[in-house]
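As provided, entry_32.cif (mmCIF, C-alpha atoms) reads as follows.
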```cif
data_final
#
loop_
_atom_site.label_atom_id
_atom_site.label_comp_id
_atom_site.auth_asym_id
_atom_site.auth_seq_id
_atom_site.Cartn_x
_atom_site.Cartn_y
_atom_site.Cartn_z
CA MET A 42 -1.49 -3.45 -1.82
CA SER A 43 -5.27 -3.28 -1.67
CA ALA A 44 -7.36 -5.56 0.54
CA SER A 45 -8.73 -7.44 -2.47
CA ALA A 46 -5.24 -8.00 -3.82
CA ARG A 47 -4.05 -9.30 -0.45
CA PHE A 48 -7.06 -11.63 -0.31
CA VAL A 49 -6.31 -13.01 -3.78
CA SER A 50 -2.67 -13.44 -2.86
CA PHE A 51 -3.67 -15.35 0.28
CA LEU A 52 -5.90 -17.66 -1.75
CA LEU A 53 -3.15 -18.38 -4.25
CA SER A 54 -0.57 -18.93 -1.54
CA HIS A 55 -2.58 -21.49 0.45
CA PRO A 56 -4.72 -23.43 -2.05
CA TYR A 57 -4.56 -26.82 -0.33
CA ARG A 58 -5.23 -25.48 3.15
CA LEU A 59 -8.24 -23.56 1.89
CA MET A 60 -9.48 -26.57 -0.05
CA LEU A 61 -9.21 -28.73 3.07
CA ALA A 62 -10.98 -26.10 5.18
CA ASN A 63 -13.77 -25.87 2.61
CA LEU A 64 -14.20 -29.64 2.54
CA VAL A 65 -14.40 -29.77 6.34
CA LEU A 66 -16.98 -26.96 6.33
CA LEU A 67 -18.97 -28.69 3.58
CA ALA A 68 -18.92 -31.96 5.52
CA LEU A 69 -20.14 -30.25 8.68
CA VAL A 70 -23.02 -28.56 6.86
CA ALA A 71 -23.92 -31.68 4.84
CA SER A 72 -24.04 -33.79 8.02
CA GLY A 73 -27.24 -31.92 8.85
CA ALA A 74 -28.98 -34.16 6.32
CA THR A 75 -29.08 -36.82 9.04
CA GLN A 76 -31.43 -34.53 10.95
CA LEU A 77 -33.99 -34.39 8.15
CA ARG A 78 -37.47 -35.69 8.89
CA VAL A 79 -40.43 -36.33 6.64
CA ALA A 80 -43.61 -34.35 7.27
CA SER A 81 -47.00 -35.01 5.74
CA GLY A 82 -50.56 -33.93 6.25
CA ILE A 83 -52.31 -30.68 5.54
CA ASP A 84 -50.39 -28.81 8.25
CA ILE A 85 -47.50 -28.16 5.86
CA PHE A 86 -49.67 -25.94 3.67
CA PHE A 87 -50.58 -23.51 6.47
CA ALA A 88 -48.68 -21.01 8.58
CA LYS A 89 -48.24 -22.06 12.20
CA ASP A 90 -50.51 -19.22 13.35
CA ASP A 91 -53.23 -19.81 10.75
CA PRO A 92 -56.60 -19.64 12.57
CA ASN A 93 -58.03 -22.61 10.66
CA LEU A 94 -55.02 -24.76 11.50
CA LEU A 95 -55.14 -23.70 15.14
CA ALA A 96 -58.84 -24.58 15.28
CA GLU A 97 -58.15 -28.04 13.86
CA GLN A 98 -55.31 -28.61 16.32
CA GLN A 99 -57.57 -27.57 19.18
CA LEU A 100 -60.21 -30.01 17.94
CA LYS A 101 -57.65 -32.83 17.87
CA ALA A 102 -56.36 -31.88 21.32
CA THR A 103 -59.89 -32.05 22.71
CA TYR A 104 -61.26 -35.13 20.97
CA GLY A 105 -58.12 -36.87 19.66
CA ARG A 106 -56.93 -37.63 16.14
CA GLU A 107 -59.11 -39.70 13.86
CA ASP A 108 -57.54 -41.07 10.71
CA ASN A 109 -58.71 -43.93 8.53
CA ILE A 110 -57.73 -46.66 6.11
CA LEU A 111 -60.30 -47.67 3.51
CA PHE A 112 -60.27 -51.09 1.81
CA ILE A 113 -62.10 -50.85 -1.52
CA ILE A 114 -63.10 -54.33 -2.68
CA ASP A 115 -63.68 -54.56 -6.43
CA THR A 116 -65.26 -57.77 -7.73
CA ARG A 117 -64.24 -56.91 -11.33
CA GLY A 118 -67.83 -56.98 -12.54
CA GLY A 119 -69.03 -59.66 -10.15
CA ALA A 120 -71.20 -59.34 -7.05
CA ILE A 121 -70.36 -58.71 -3.41
CA PHE A 122 -73.23 -60.93 -2.26
CA HIS A 123 -71.81 -64.09 -3.79
CA ARG A 124 -70.75 -67.27 -2.01
CA ASP A 125 -67.12 -66.76 -3.06
CA VAL A 126 -66.93 -63.05 -2.24
CA LEU A 127 -69.03 -62.32 0.84
CA PRO A 128 -67.00 -64.66 3.11
CA ALA A 129 -63.87 -62.80 2.00
CA VAL A 130 -65.44 -59.46 2.94
CA GLU A 131 -66.47 -60.86 6.31
CA ALA A 132 -63.00 -62.29 6.96
CA LEU A 133 -61.31 -59.02 5.96
CA THR A 134 -63.63 -57.14 8.32
CA GLU A 135 -62.75 -59.40 11.24
CA ARG A 136 -59.02 -59.25 10.49
CA ALA A 137 -59.11 -55.46 10.23
CA TRP A 138 -59.90 -55.24 13.94
CA LEU A 139 -56.44 -56.68 14.63
CA MET A 140 -54.60 -53.93 12.74
CA PRO A 141 -52.38 -51.63 14.82
CA TRP A 142 -54.25 -48.64 16.24
CA ALA A 143 -57.62 -49.79 14.82
CA ARG A 144 -60.47 -48.35 16.86
CA ARG A 145 -63.49 -49.15 14.73
CA VAL A 146 -64.27 -51.14 11.58
CA ASP A 147 -67.30 -50.39 9.40
CA SER A 148 -68.29 -52.86 6.70
CA PRO A 149 -71.39 -54.12 4.86
CA THR A 150 -71.08 -57.36 6.80
CA ASN A 151 -71.06 -55.86 10.32
CA PHE A 152 -73.63 -53.17 9.49
CA LEU A 153 -76.22 -53.25 12.26
CA HIS A 154 -79.60 -54.12 10.76
CA PRO A 155 -82.85 -54.13 12.80
CA GLU A 156 -85.37 -56.91 12.25
CA VAL A 157 -88.85 -57.23 13.75
CA ASP A 158 -89.83 -60.61 15.18
CA GLY A 159 -93.35 -60.34 16.56
CA ASP A 160 -93.21 -57.86 19.38
CA ASP A 161 -89.42 -58.01 19.54
CA ILE A 162 -86.84 -55.97 17.66
CA ARG A 163 -83.47 -57.57 17.07
CA ILE A 164 -80.43 -55.60 15.96
CA ASP A 165 -77.74 -57.85 14.55
CA PRO A 166 -74.93 -57.58 12.01
CA LEU A 167 -76.26 -57.81 8.48
CA VAL A 168 -74.08 -60.83 7.66
CA GLU A 169 -73.03 -63.63 10.00
CA ASP A 170 -71.27 -66.84 8.97
CA ALA A 171 -71.30 -65.87 5.30
CA ASP A 172 -69.81 -69.18 4.19
CA THR A 173 -72.94 -71.03 5.39
CA LEU A 174 -75.51 -68.86 3.59
CA SER A 175 -77.60 -70.29 0.77
CA PRO A 176 -78.05 -68.49 -2.58
CA ALA A 177 -81.57 -67.48 -1.53
CA GLU A 178 -80.26 -65.95 1.69
CA MET A 179 -77.55 -64.14 -0.28
CA ASP A 180 -80.19 -62.62 -2.55
CA ARG A 181 -82.28 -61.54 0.44
CA LEU A 182 -79.31 -59.88 2.11
CA ARG A 183 -78.41 -58.14 -1.14
CA SER A 184 -81.92 -56.68 -1.39
CA VAL A 185 -81.78 -55.54 2.23
CA ALA A 186 -78.34 -53.96 1.81
CA LEU A 187 -79.21 -52.10 -1.40
CA ALA A 188 -82.28 -50.66 0.34
CA GLU A 189 -80.16 -49.14 3.12
CA ASP A 190 -79.30 -45.51 2.41
CA ALA A 191 -76.61 -45.65 5.09
CA LEU A 192 -74.80 -48.38 3.12
CA VAL A 193 -75.28 -47.55 -0.56
CA GLY A 194 -72.81 -44.96 -1.76
CA ARG A 195 -70.81 -45.27 1.43
CA LEU A 196 -69.80 -48.89 2.02
CA LEU A 197 -71.58 -50.53 -0.91
CA GLY A 198 -71.76 -49.62 -4.60
CA PRO A 199 -75.23 -48.97 -6.08
CA ALA A 200 -74.89 -52.06 -8.28
CA GLY A 201 -73.63 -54.25 -5.44
CA ASP A 202 -70.36 -54.99 -7.22
CA VAL A 203 -68.05 -52.88 -5.02
CA ALA A 204 -67.78 -52.75 -1.25
CA ALA A 205 -65.67 -50.84 1.24
CA VAL A 206 -64.33 -51.63 4.68
CA ASN A 207 -63.44 -48.51 6.63
CA VAL A 208 -60.97 -48.81 9.50
CA THR A 209 -60.94 -45.85 11.87
CA LEU A 210 -57.57 -45.35 13.56
CA LEU A 211 -56.83 -43.72 16.88
CA LEU A 212 -53.23 -42.67 16.33
CA PRO A 213 -50.91 -41.33 19.06
CA ASP A 214 -49.51 -37.82 19.09
CA THR A 215 -45.99 -39.09 19.71
CA GLY A 216 -44.43 -41.48 17.23
CA LEU A 217 -47.12 -40.63 14.69
CA ALA A 218 -45.04 -41.49 11.62
CA THR A 219 -44.18 -44.94 13.03
CA ALA A 220 -47.81 -45.60 13.97
CA ILE A 221 -49.01 -44.68 10.47
CA ALA A 222 -46.32 -46.87 8.89
CA ASP A 223 -47.32 -49.83 11.08
CA SER A 224 -51.04 -49.44 10.33
CA VAL A 225 -50.61 -48.99 6.59
CA GLY A 226 -48.10 -51.85 6.45
CA ALA A 227 -50.61 -54.15 8.14
CA ALA A 228 -53.34 -52.99 5.75
CA ARG A 229 -51.19 -53.67 2.69
CA ALA A 230 -50.28 -57.13 3.97
CA LEU A 231 -53.94 -57.92 4.66
CA ALA A 232 -55.00 -56.73 1.19
CA GLU A 233 -52.31 -58.87 -0.46
CA GLU A 234 -53.36 -61.90 1.59
CA VAL A 235 -57.02 -61.56 0.62
CA GLU A 236 -56.14 -61.04 -3.06
CA ALA A 237 -53.92 -64.12 -3.02
CA ALA A 238 -56.76 -66.21 -1.58
CA HIS A 239 -59.35 -64.67 -3.91
CA PRO A 240 -57.78 -63.82 -7.30
CA GLU A 241 -61.15 -62.64 -8.60
CA LEU A 242 -60.97 -59.65 -6.23
CA LYS A 243 -58.95 -56.46 -6.52
CA ILE A 244 -58.45 -54.51 -3.31
CA HIS A 245 -57.49 -50.85 -3.38
CA LEU A 246 -56.34 -48.89 -0.34
CA ALA A 247 -57.38 -45.31 0.34
CA GLY A 248 -57.83 -43.03 3.31
CA TRP A 249 -55.84 -40.28 4.99
CA ALA A 250 -53.31 -42.60 6.64
CA VAL A 251 -52.59 -44.31 3.31
CA THR A 252 -52.09 -40.94 1.61
CA GLU A 253 -49.63 -39.78 4.27
CA GLN A 254 -47.64 -43.02 4.16
CA THR A 255 -47.56 -43.04 0.36
CA LEU A 256 -46.09 -39.53 0.32
CA ALA A 257 -43.45 -40.63 2.82
CA ASP A 258 -42.66 -43.74 0.75
CA VAL A 259 -42.33 -41.75 -2.48
CA THR A 260 -40.04 -39.24 -0.78
CA SER A 261 -37.81 -42.04 0.51
CA GLN A 262 -37.75 -43.86 -2.84
CA ASP A 263 -36.81 -40.69 -4.71
CA SER A 264 -33.85 -40.03 -2.42
CA THR A 265 -32.55 -43.61 -2.47
CA THR A 266 -33.14 -44.67 -6.08
CA LEU A 267 -34.10 -41.76 -8.31
CA MET A 268 -31.32 -39.34 -7.36
CA PRO A 269 -28.42 -41.84 -7.73
CA ALA A 270 -29.78 -42.92 -11.11
CA LEU A 271 -30.16 -39.29 -12.15
CA LEU A 272 -26.57 -38.50 -11.14
CA LEU A 273 -25.30 -41.43 -13.19
CA LEU A 274 -27.30 -40.31 -16.21
CA VAL A 275 -25.99 -36.75 -15.86
CA LEU A 276 -22.43 -38.09 -15.67
CA LEU A 277 -22.82 -40.03 -18.93
CA ILE A 278 -24.47 -37.14 -20.80
CA LEU A 279 -21.87 -34.61 -19.60
CA ALA A 280 -19.03 -36.92 -20.62
CA LEU A 281 -20.49 -37.01 -24.14
CA LEU A 282 -21.24 -33.28 -24.34
CA LEU A 283 -17.99 -32.02 -22.82
CA ARG A 284 -15.86 -34.77 -24.40
CA SER A 285 -14.03 -35.08 -21.10
CA ALA A 286 -14.57 -37.66 -18.41
CA LEU A 287 -12.69 -35.45 -15.92
CA ALA A 288 -14.95 -32.45 -16.59
CA ALA A 289 -18.02 -34.65 -16.20
CA LEU A 290 -16.66 -36.08 -12.93
CA VAL A 291 -15.94 -32.59 -11.57
CA THR A 292 -19.48 -31.54 -12.44
CA VAL A 293 -20.98 -34.53 -10.63
CA ILE A 294 -18.82 -33.77 -7.58
CA VAL A 295 -20.10 -30.17 -7.58
CA ILE A 296 -23.68 -31.47 -7.91
CA ALA A 297 -23.26 -33.92 -5.03
CA LEU A 298 -21.68 -31.28 -2.78
CA SER A 299 -24.37 -28.73 -3.66
CA ILE A 300 -27.19 -31.15 -2.90
CA GLY A 301 -25.46 -32.27 0.29
CA VAL A 302 -25.01 -28.70 1.53
CA GLY A 303 -28.56 -27.72 0.60
CA MET A 304 -30.18 -30.69 2.31
CA GLY A 305 -27.75 -30.47 5.23
CA PHE A 306 -28.63 -26.83 5.82
CA ALA A 307 -32.31 -27.78 5.74
CA GLY A 308 -31.65 -30.44 8.35
CA TRP A 309 -29.79 -28.08 10.69
CA ALA A 310 -32.50 -25.44 10.18
CA GLY A 311 -35.22 -27.91 11.19
CA ILE A 312 -36.93 -27.85 7.81
CA ALA A 313 -38.95 -31.01 7.23
CA ILE A 314 -39.14 -32.79 3.88
CA ASN A 315 -42.65 -32.81 2.46
CA SER A 316 -44.46 -33.42 -0.81
CA VAL A 317 -43.69 -29.86 -1.96
CA ASN A 318 -39.99 -29.37 -1.21
CA VAL A 319 -39.00 -32.96 -1.96
CA SER A 320 -38.08 -31.75 -5.45
CA ALA A 321 -35.33 -29.49 -4.02
CA PRO A 322 -32.46 -31.88 -4.91
CA SER A 323 -33.61 -31.97 -8.54
CA ILE A 324 -33.74 -28.17 -8.65
CA ILE A 325 -30.27 -27.89 -7.10
CA LEU A 326 -28.99 -30.45 -9.60
CA THR A 327 -30.34 -28.44 -12.53
CA LEU A 328 -28.73 -25.19 -11.33
CA ALA A 329 -25.41 -26.89 -10.57
CA VAL A 330 -25.25 -28.51 -14.02
CA ALA A 331 -26.05 -25.20 -15.72
CA ASP A 332 -23.35 -23.33 -13.78
CA CYS A 333 -20.71 -26.01 -14.35
CA ILE A 334 -21.35 -26.22 -18.09
CA HIS A 335 -21.22 -22.41 -18.29
CA VAL A 336 -17.80 -22.35 -16.58
CA LEU A 337 -16.31 -25.38 -18.35
CA SER A 338 -17.40 -24.36 -21.81
#
```
Any chance you could give the structure as structure tokens?
Amino acid sequence: MSASARFVSFLLSHPYRLMLANLVLLALVASGATQLRVASGIDIFFAKDDPNLLAEQQLKATYGREDNILFIIDTRGGAIFHRDVLPAVEALTERAWLMPWARRVDSPTNFLHPEVDGDDIRIDPLVEDADTLSPAEMDRLRSVALAEDALVGRLLGPAGDVAAVNVTLLLPDTGLATAIADSVGAARALAEEVEAAHPELKIHLAGWAVTEQTLADVTSQDSTTLMPALLLLVLLILALLLRSALAALVTVIVIALSIGVGMGFAGWAGIAINSVNVSAPSIILTLAVADCIHVLS
């Protein structure tokens, strides 16, 4: 008897033992999914020995990381220098200093503006106690702000209807993901609080830290909500196409095992989930469905 024949005979003689062994092996490999981590940033697009990446890492090692969160305050056609809006910008600026890992806050209200008083030069924040300013003082400050090249196009729109508050973060090298999540979470809560108190304003969040956290959030949401919903939809469609609930169930089991093994192997191999390979489960699902339908039909 040939080796292949003996192998086939062994498979047919011990189906349940082999099935159990396969399930144990699959479970061991799939358990690697618990080791998966989410990676973001531009580092994922470069090889580890890329000279540009190494230069950036050396720069960060020398001077530290510097990320930011940008609050974009839209008055919806109104004016920043208005008695109902400017106090909100000032309050947001002051509250931003209390955000986790905030190192510096730049805003139209705390912009340092020099004024000449006789022989003296005073350098003070552009806006102080905004809620006590008269309309005439608001107009004067608006004229001063729109004449500042360092403000217009950076922290203030040319028409004076949009402003920005930039929060510079000094994030740690260890626990970076947690630090970003804490900072962005505080920024989102602050934006919601200001919008609730001032419905005429719309606050958008931007900046590198926000981008990184958004990618991490989307990755997490896809794995916890999108994939289960997709599996359920595939189950219903297969049951209709194959006219067999059992065949559809078997296909879904194969899909789940395939995704589990694929992601588990990635976890054991130390491969991080990022904005590029986050679509891997969907790709595995597509291939598994195609193979199962080919075999079952």
Exercise for review: Using the chain letters and residue numbers of this document, give as a list in words the residues selected by the PyMOL selection byres ((chain A and resi 317) around 12).
Suggested key: Val79, Ala80, Ser81, Gly82, Ile83, Ile85, Phe86, Leu256, Ala257, Val259, Thr260, Ala313, Ile314, Asn315, Ser316, Asn318, Val319, Ser320, Ala321 and Pro322 of chain A
Check your understanding: What does the distance from atom CA of A:Pro155 to atom CA of A:Ala143 come to in Å, to one decimal?
Key ->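 Taking atom CA of A:Pro155 as the start and atom CA of A:Ala143 as the end point, the length is 25.7 Å.
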Would you give me, as a Markdown table, each residue of stretch 272-325 of chain A having an atom within 10 Å of an atom of stretch 52-74 of chain A, along with its shortest atom pair and that distance in Å to one decimal, using all atoms listed in the file and sorting by chain and residue number?
```
| residue | atom | partner | partner_atom | distance |
| --- | --- | --- | --- | --- |
| A:Leu298 | CA | A:Leu67 | CA | 7.4 |
| A:Ser299 | CA | A:Ala71 | CA | 9.0 |
| A:Ile300 | CA | A:Ala71 | CA | 8.4 |
| A:Gly301 | CA | A:Ala71 | CA | 4.8 |
| A:Val302 | CA | A:Ala71 | CA | 4.6 |
| A:Gly303 | CA | A:Ala71 | CA | 7.4 |
| A:Met304 | CA | A:Ala74 | CA | 5.4 |
| A:Gly305 | CA | A:Gly73 | CA | 3.9 |
| A:Phe306 | CA | A:Val70 | CA | 6.0 |
| A:Ala307 | CA | A:Ala74 | CA | 7.2 |
| A:Gly308 | CA | A:Gly73 | CA | 4.7 |
| A:Trp309 | CA | A:Gly73 | CA | 5.0 |
| A:Ala310 | CA | A:Gly73 | CA | 8.5 |
| A:Gly311 | CA | A:Gly73 | CA | 9.2 |
```
Exercise for review: List, as a VMD selection string, every residue that the PyMOL selection byres ((chain A and resi 289) around 6) selects in the file provided.
Suggested key: chain A and resid 276 279 to 280 286 to 288 290 to 292
Restrict the calculation to all atoms listed in the file, then for each residue of stretch 185-247 of chain A with any atom at most 10 Å from an atom of stretch 92-113 of chain A give the closest atom pair and their distance in Å to one decimal, rows by chain and rising residue number, as CSV.
```
residue,atom,partner,partner_atom,distance
A:Leu196,CA,A:Ile113,CA,8.7
A:Leu197,CA,A:Ile113,CA,9.5
A:Val203,CA,A:Ile113,CA,7.2
A:Ala204,CA,A:Ile113,CA,6.0
A:Ala205,CA,A:Ile113,CA,4.5
A:Val206,CA,A:Phe112,CA,5.0
A:Asn207,CA,A:Leu111,CA,4.5
A:Val208,CA,A:Ile110,CA,5.2
A:Thr209,CA,A:Asn109,CA,4.5
A:Leu210,CA,A:Asp108,CA,5.1
A:Leu211,CA,A:Glu107,CA,5.5
A:Leu212,CA,A:Arg106,CA,6.3
A:Pro213,CA,A:Arg106,CA,7.6
A:Asp214,CA,A:Arg106,CA,8.0
A:Ile221,CA,A:Asp108,CA,9.3
A:Ser224,CA,A:Ile110,CA,8.4
A:Val225,CA,A:Ile110,CA,7.5
A:Ala228,CA,A:Ile110,CA,7.7
A:Arg229,CA,A:Phe112,CA,9.5
A:Leu231,CA,A:Phe112,CA,9.7
A:Ala232,CA,A:Phe112,CA,7.7
A:Lys243,CA,A:Ile113,CA,8.1
A:Ile244,CA,A:Ile113,CA,5.5
A:His245,CA,A:Ile113,CA,5.0
A:Leu246,CA,A:Phe112,CA,5.0
A:Ala247,CA,A:Leu111,CA,4.9
```
So that I have them on file, write out the residues from the current selection with C-alpha atoms, as a compact mmCIF listing (two decimals), in the frame of the given file.
```txt
# COMPACT_ATOMS: atom_id res chain seq x y z
CA LEU A 196 -69.80 -48.89 2.02
CA LEU A 197 -71.58 -50.53 -0.91
CA VAL A 203 -68.05 -52.88 -5.02
CA ALA A 204 -67.78 -52.75 -1.25
CA ALA A 205 -65.67 -50.84 1.24
CA VAL A 206 -64.33 -51.63 4.68
CA ASN A 207 -63.44 -48.51 6.63
CA VAL A 208 -60.97 -48.81 9.50
CA THR A 209 -60.94 -45.85 11.87
CA LEU A 210 -57.57 -45.35 13.56
CA LEU A 211 -56.83 -43.72 16.88
CA LEU A 212 -53.23 -42.67 16.33
CA PRO A 213 -50.91 -41.33 19.06
CA ASP A 214 -49.51 -37.82 19.09
CA ILE A 221 -49.01 -44.68 10.47
CA SER A 224 -51.04 -49.44 10.33
CA VAL A 225 -50.61 -48.99 6.59
CA ALA A 228 -53.34 -52.99 5.75
CA ARG A 229 -51.19 -53.67 2.69
CA LEU A 231 -53.94 -57.92 4.66
CA ALA A 232 -55.00 -56.73 1.19
CA LYS A 243 -58.95 -56.46 -6.52
CA ILE A 244 -58.45 -54.51 -3.31
CA HIS A 245 -57.49 -50.85 -3.38
CA LEU A 246 -56.34 -48.89 -0.34
CA ALA A 247 -57.38 -45.31 0.34
```
